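Heads up, the thing below is written out as C-alpha cells.
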2 protein chains.
Amino acid sequence: MTATTWAYENFVEGASLDLGVKHVNAHEIIEFASEFDAQPMHLDEAAGKASILGGLSASGWHTCAMFMRMLCDAFLLDSTSQGSPGIEHVKWKKPVLAGDTLSGTVTVLAKRQSKSRPQLGLVTMRSELFNQRGESVFELENTGMFLTREAAA
Amino acid sequence: MTATTWAYENFVEGASLDLGVKHVNAHEIIEFASEFDAQPMHLDEAAGKASILGGLSASGWHTCAMFMRMLCDAFLLDSTSQGSPGIEHVKWKKPVLAGDTLSGTVTVLAKRQSKSRPQLGLVTMRSELFNQRGESVFELENTGMFLTREAAA
C-alpha cells in the first residue's frame, strides 16, 4: 500500500471522481454477447436496428462490466477494496451502441465503519455513464467494502 | 416465433423455472477478471485465499454474466424479449469459487402490460443461484420486457 492508495478514510461523502473514457466497438459487443447474452440485438447490426434499441447494442451486463473496468482503472485497483455485498440498483437508461464513447463519474453517497468488523468500512457510491452526446445511459448504486488505512498497513 | 416461444402471455405469477447447471472453472474466472475486474482475489488463488472471499473467486459481475447465460439457455433466447430497463437489486451473498457448480431458479413475481406500449409487457422476476452445497450465493431481482404473442406474430 502506497500513500496514494484509496483506503476507507480517503472516501469523502459528496466527493466525485472521474471515470475516464471508454470507446465501445462492435467486436467487443458481439464477443461478450456470444458468451453471456446471445440475444439478436447484441449480435447483429440489422437485428439491433429492427429492435427497440435501434442498433447493435451492448448487453446491459456488458455495460456493467465495462463500467467495472472504468472503476478499476479510476481507483479500485489501487485501493483496499475487499469486494462488495451487492448492487442497490442498475438503470439501463439508453442503449449503448457500437461506436459510442462512454464517460462517467462516481460520487460517494455515504460511508460508515462496520460494527462487527471495525477494520472494514462500507462506502455507498452512485455512478453514472454518459455517451458522446452527453446523454445519461447507465446509472448504478452500490456499496463497496474497504479496509481502513491502519488495517491495510 | 414457434408455439413454444416465451411471449408475455406465457409468464405466470408465482411460477418458477429451472436455470440448469453451470460449472465454474479457474480459467474463465481469471479471463473475465483480467478484462473487467482485475482485483487480486479474482486473478490468483493465493490472493483469493488471503482475502475475505477465501479462494479464487469470480468477480460479482462475472456471476451476473454467468447467470445471464443460464437465463438465456433456460428460456430467454426462445422468447420475445426486448431487453430490460434495469436491475432492482443484486446480492452477492457468498463467494463463487473456482470448482463450484451453480444451479438456480427464476420465479415470476409480477407482470403487467405497458400502458404506453400495449404490445409490450413487463415481467418482474426474482432469480437465485446456489452452489453444490445448496448454499444461496446470488440473488437478483429485475424486470424484463416481452412482446405479446400477437405483437410478435
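By order of appearance in the C-alpha cells: chains A, B, ..., then residues from 1 within every chain, and ligands from 1 in the order shown.
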Check your understanding: chain B: which residues are strand (DSSP E or B) by DSSP, as a count of residues only?
Key -> 56
Exercise for review: Check every residue of chain B for an atom within 6 Å of chain A, counting only C-alpha atoms, and provide those that qualify as a list in words.
Suggested key: Phe36, Asp37, Ala65, Arg69, Pro85, Gly86, Ile87, Glu88, His89, Val90, Lys91 and Trp92 of chain B
**Study point:** Distance in Å - CA of Lys111 in chain B versus CA of Leu129 in chain B
**Key:** 22.0 Å
Could you pull out all residues of chain B with a DSSP call of alpha helix (DSSP H) and give them as a CSV table (one decimal) with N, CA, C and O atoms, in the first residue's frame?
chain,number,residue,atom,x,y,z
B,26,ALA,N,-11.4,-22.1,-13.0
B,26,ALA,CA,-10.4,-21.0,-12.7
B,26,ALA,C,-10.1,-20.2,-13.9
B,26,ALA,O,-10.0,-19.0,-13.9
B,27,HIS,N,-10.0,-20.9,-15.1
B,27,HIS,CA,-9.6,-20.2,-16.3
B,27,HIS,C,-10.6,-19.1,-16.6
B,27,HIS,O,-10.2,-18.0,-17.0
B,28,GLU,N,-11.9,-19.4,-16.6
B,28,GLU,CA,-12.8,-18.4,-17.0
B,28,GLU,C,-13.0,-17.3,-16.0
B,28,GLU,O,-13.2,-16.1,-16.3
B,29,ILE,N,-12.8,-17.6,-14.7
B,29,ILE,CA,-12.7,-16.6,-13.6
B,29,ILE,C,-11.6,-15.6,-13.9
B,29,ILE,O,-11.8,-14.3,-13.9
B,30,ILE,N,-10.5,-16.1,-14.2
B,30,ILE,CA,-9.3,-15.2,-14.5
B,30,ILE,C,-9.4,-14.4,-15.8
B,30,ILE,O,-9.1,-13.3,-15.8
B,31,GLU,N,-10.0,-15.1,-16.8
B,31,GLU,CA,-10.2,-14.4,-18.1
B,31,GLU,C,-11.1,-13.3,-18.0
B,31,GLU,O,-10.8,-12.2,-18.5
B,32,PHE,N,-12.3,-13.5,-17.3
B,32,PHE,CA,-13.2,-12.4,-17.1
B,32,PHE,C,-12.6,-11.2,-16.3
B,32,PHE,O,-12.7,-10.1,-16.7
B,33,ALA,N,-12.0,-11.6,-15.2
B,33,ALA,CA,-11.4,-10.6,-14.3
B,33,ALA,C,-10.3,-9.8,-15.0
B,33,ALA,O,-10.2,-8.6,-14.8
B,34,SER,N,-9.5,-10.5,-15.8
B,34,SER,CA,-8.4,-9.8,-16.5
B,34,SER,C,-8.9,-8.6,-17.3
B,34,SER,O,-8.3,-7.6,-17.5
B,35,GLU,N,-10.1,-8.9,-17.9
B,35,GLU,CA,-10.7,-7.8,-18.8
B,35,GLU,C,-11.4,-6.8,-18.1
B,35,GLU,O,-11.4,-5.6,-18.4
B,36,PHE,N,-12.2,-7.2,-17.0
B,36,PHE,CA,-13.2,-6.2,-16.5
B,36,PHE,C,-13.0,-5.9,-15.0
B,36,PHE,O,-13.5,-4.9,-14.5
B,45,GLU,N,-5.2,-17.6,-7.0
B,45,GLU,CA,-5.6,-18.5,-5.9
B,45,GLU,C,-5.1,-18.0,-4.5
B,45,GLU,O,-5.9,-17.9,-3.6
B,46,ALA,N,-3.8,-17.7,-4.5
B,46,ALA,CA,-3.2,-17.4,-3.2
B,46,ALA,C,-3.8,-16.0,-2.7
B,46,ALA,O,-4.1,-15.9,-1.5
B,47,ALA,N,-4.0,-15.1,-3.6
B,47,ALA,CA,-4.6,-13.8,-3.2
B,47,ALA,C,-6.0,-14.0,-2.8
B,47,ALA,O,-6.5,-13.3,-1.9
B,48,GLY,N,-6.7,-14.9,-3.5
B,48,GLY,CA,-8.1,-15.2,-3.1
B,48,GLY,C,-8.2,-15.8,-1.7
B,48,GLY,O,-9.0,-15.4,-0.9
B,49,LYS,N,-7.3,-16.7,-1.4
B,49,LYS,CA,-7.2,-17.4,-0.1
B,49,LYS,C,-6.9,-16.4,1.0
B,49,LYS,O,-7.5,-16.5,2.1
B,50,ALA,N,-6.1,-15.4,0.7
B,50,ALA,CA,-5.7,-14.4,1.7
B,50,ALA,C,-6.8,-13.4,1.9
B,50,ALA,O,-6.8,-12.6,2.9
B,60,GLY,N,-18.1,-10.4,-9.0
B,60,GLY,CA,-19.5,-10.4,-8.9
B,60,GLY,C,-20.2,-10.2,-10.3
B,60,GLY,O,-21.3,-10.7,-10.6
B,61,TRP,N,-19.5,-9.4,-11.1
B,61,TRP,CA,-20.1,-9.1,-12.4
B,61,TRP,C,-20.0,-10.3,-13.3
B,61,TRP,O,-20.8,-10.5,-14.2
B,62,HIS,N,-19.0,-11.2,-13.1
B,62,HIS,CA,-18.9,-12.4,-13.8
B,62,HIS,C,-20.1,-13.3,-13.4
B,62,HIS,O,-20.7,-14.0,-14.3
B,63,THR,N,-20.4,-13.4,-12.1
B,63,THR,CA,-21.5,-14.2,-11.7
B,63,THR,C,-22.8,-13.7,-12.3
B,63,THR,O,-23.6,-14.5,-12.8
B,64,CYS,N,-22.9,-12.3,-12.4
B,64,CYS,CA,-24.1,-11.8,-13.1
B,64,CYS,C,-24.1,-12.3,-14.6
B,64,CYS,O,-25.2,-12.7,-15.1
B,65,ALA,N,-23.0,-12.3,-15.2
B,65,ALA,CA,-22.9,-12.7,-16.6
B,65,ALA,C,-23.2,-14.2,-16.8
B,65,ALA,O,-23.9,-14.6,-17.7
B,66,MET,N,-22.7,-15.0,-15.9
B,66,MET,CA,-22.9,-16.4,-15.9
B,66,MET,C,-24.4,-16.7,-15.7
B,66,MET,O,-25.0,-17.5,-16.3
B,67,PHE,N,-25.0,-15.9,-14.7
B,67,PHE,CA,-26.5,-16.0,-14.5
B,67,PHE,C,-27.2,-15.7,-15.8
B,67,PHE,O,-28.2,-16.4,-16.2
B,68,MET,N,-26.8,-14.6,-16.5
B,68,MET,CA,-27.5,-14.2,-17.7
B,68,MET,C,-27.4,-15.3,-18.8
B,68,MET,O,-28.4,-15.6,-19.5
B,69,ARG,N,-26.3,-16.0,-18.9
B,69,ARG,CA,-26.2,-17.1,-19.8
B,69,ARG,C,-27.1,-18.3,-19.4
B,69,ARG,O,-27.8,-18.9,-20.3
B,70,MET,N,-27.2,-18.5,-18.2
B,70,MET,CA,-28.2,-19.6,-17.7
B,70,MET,C,-29.6,-19.2,-18.1
B,70,MET,O,-30.4,-20.0,-18.5
B,71,LEU,N,-29.9,-17.9,-17.9
B,71,LEU,CA,-31.3,-17.4,-18.2
B,71,LEU,C,-31.5,-17.5,-19.7
B,71,LEU,O,-32.6,-17.9,-20.1
B,72,CYS,N,-30.5,-17.2,-20.5
B,72,CYS,CA,-30.6,-17.3,-22.0
B,72,CYS,C,-30.9,-18.7,-22.4
B,72,CYS,O,-31.8,-19.0,-23.2
B,73,ASP,N,-30.1,-19.6,-21.8
B,73,ASP,CA,-30.3,-21.0,-22.2
B,73,ASP,C,-31.6,-21.6,-21.7
B,73,ASP,O,-32.2,-22.5,-22.3
B,74,ALA,N,-32.1,-21.1,-20.5
B,74,ALA,CA,-33.3,-21.7,-20.0
B,74,ALA,C,-34.5,-21.3,-20.8
B,74,ALA,O,-35.4,-22.1,-21.0
B,149,ARG,N,-47.8,-12.1,-27.6
B,149,ARG,CA,-47.9,-13.1,-28.7
B,149,ARG,C,-48.4,-12.5,-30.0
B,149,ARG,O,-47.8,-12.7,-31.1
B,150,GLU,N,-49.4,-11.6,-29.9
B,150,GLU,CA,-50.0,-11.0,-31.1
B,150,GLU,C,-49.0,-10.1,-31.7
B,150,GLU,O,-48.8,-10.1,-33.0
B,151,ALA,N,-48.3,-9.3,-30.9
B,151,ALA,CA,-47.3,-8.3,-31.5
B,151,ALA,C,-46.1,-9.0,-32.1
B,151,ALA,O,-45.6,-8.5,-33.1
B,152,ALA,N,-45.8,-10.2,-31.6
B,152,ALA,CA,-44.6,-10.9,-32.1
B,152,ALA,C,-44.9,-11.7,-33.3
B,152,ALA,O,-44.0,-12.2,-34.0
Review point. Quick one: residues within 12 Å of Arg117 in chain A, only C-alpha atoms counted, chain neighbours fewer than 3 positions away excluded, as a ChimeraX atom specification?
Key: /A:112-114,120-122,145-148,151 /B:52
**Study point:** Coordinates-based distance that separates CA of Leu102 in chain A from CA of Thr124 in chain A (Å, one decimal)
**Key:**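 Straight-line distance from CA of Thr124 in chain A to CA of Leu102 in chain A works out to 22.2 Å.
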**Study point:** Distance query Thr107 in chain B at most 8 Å, only C-alpha atoms, self and fewer than 4 positions along chain excluded, as number ranges by chain
**Key:** B: 13-17, 125-127
Would you save the residues of that selection, restricted to C-alpha atoms, as a PDB file, in the first residue's frame?
ATOM      1  CA  GLU B  13     -47.119 -15.004 -11.472  1.00  0.00           C
ATOM      2  CA  GLY B  14     -45.611 -17.347  -8.894  1.00  0.00           C
ATOM      3  CA  ALA B  15     -44.335 -19.851 -11.455  1.00  0.00           C
ATOM      4  CA  SER B  16     -40.687 -20.945 -11.256  1.00  0.00           C
ATOM      5  CA  LEU B  17     -38.301 -22.159 -13.910  1.00  0.00           C
ATOM      6  CA  MET B 125     -38.533 -11.852 -11.796  1.00  0.00           C
ATOM      7  CA  ARG B 126     -36.509 -12.936  -8.809  1.00  0.00           C
ATOM      8  CA  SER B 127     -33.619 -15.278  -9.523  1.00  0.00           C
TER       9      SER B 127
END
Exercise for review: Compile the contact shell of Thr101 in chain B as an MDAnalysis selection string: residues with an atom at most 8 Å away, counting only C-alpha atoms, same-chain residues fewer than 3 positions apart removed.
Suggested key: chainID B and resid 21:24 131:132
Export, as a PDB file, in the first residue's frame, the selected residues with N, CA and C atoms.
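Full text of part-v6.pdb as output:
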ATOM      1  N   VAL B  21     -27.524 -25.926 -14.940  1.00  0.00           N
ATOM      2  CA  VAL B  21     -26.309 -26.086 -14.139  1.00  0.00           C
ATOM      3  C   VAL B  21     -25.138 -25.417 -14.861  1.00  0.00           C
ATOM      4  N   LYS B  22     -24.264 -24.796 -14.095  1.00  0.00           N
ATOM      5  CA  LYS B  22     -23.069 -24.161 -14.665  1.00  0.00           C
ATOM      6  C   LYS B  22     -21.860 -24.472 -13.789  1.00  0.00           C
ATOM      7  N   HIS B  23     -20.863 -25.141 -14.381  1.00  0.00           N
ATOM      8  CA  HIS B  23     -19.607 -25.395 -13.679  1.00  0.00           C
ATOM      9  C   HIS B  23     -18.694 -24.173 -13.867  1.00  0.00           C
ATOM     10  N   VAL B  24     -18.074 -23.746 -12.790  1.00  0.00           N
ATOM     11  CA  VAL B  24     -17.235 -22.543 -12.828  1.00  0.00           C
ATOM     12  C   VAL B  24     -15.779 -22.963 -12.703  1.00  0.00           C
ATOM     13  N   ASN B 131     -24.794 -22.926  -4.789  1.00  0.00           N
ATOM     14  CA  ASN B 131     -23.613 -23.731  -5.097  1.00  0.00           C
ATOM     15  C   ASN B 131     -23.897 -25.222  -4.843  1.00  0.00           C
ATOM     16  N   GLN B 132     -22.875 -26.045  -5.008  1.00  0.00           N
ATOM     17  CA  GLN B 132     -23.051 -27.500  -4.909  1.00  0.00           C
ATOM     18  C   GLN B 132     -23.380 -27.966  -3.498  1.00  0.00           C
TER      19      GLN B 132
END
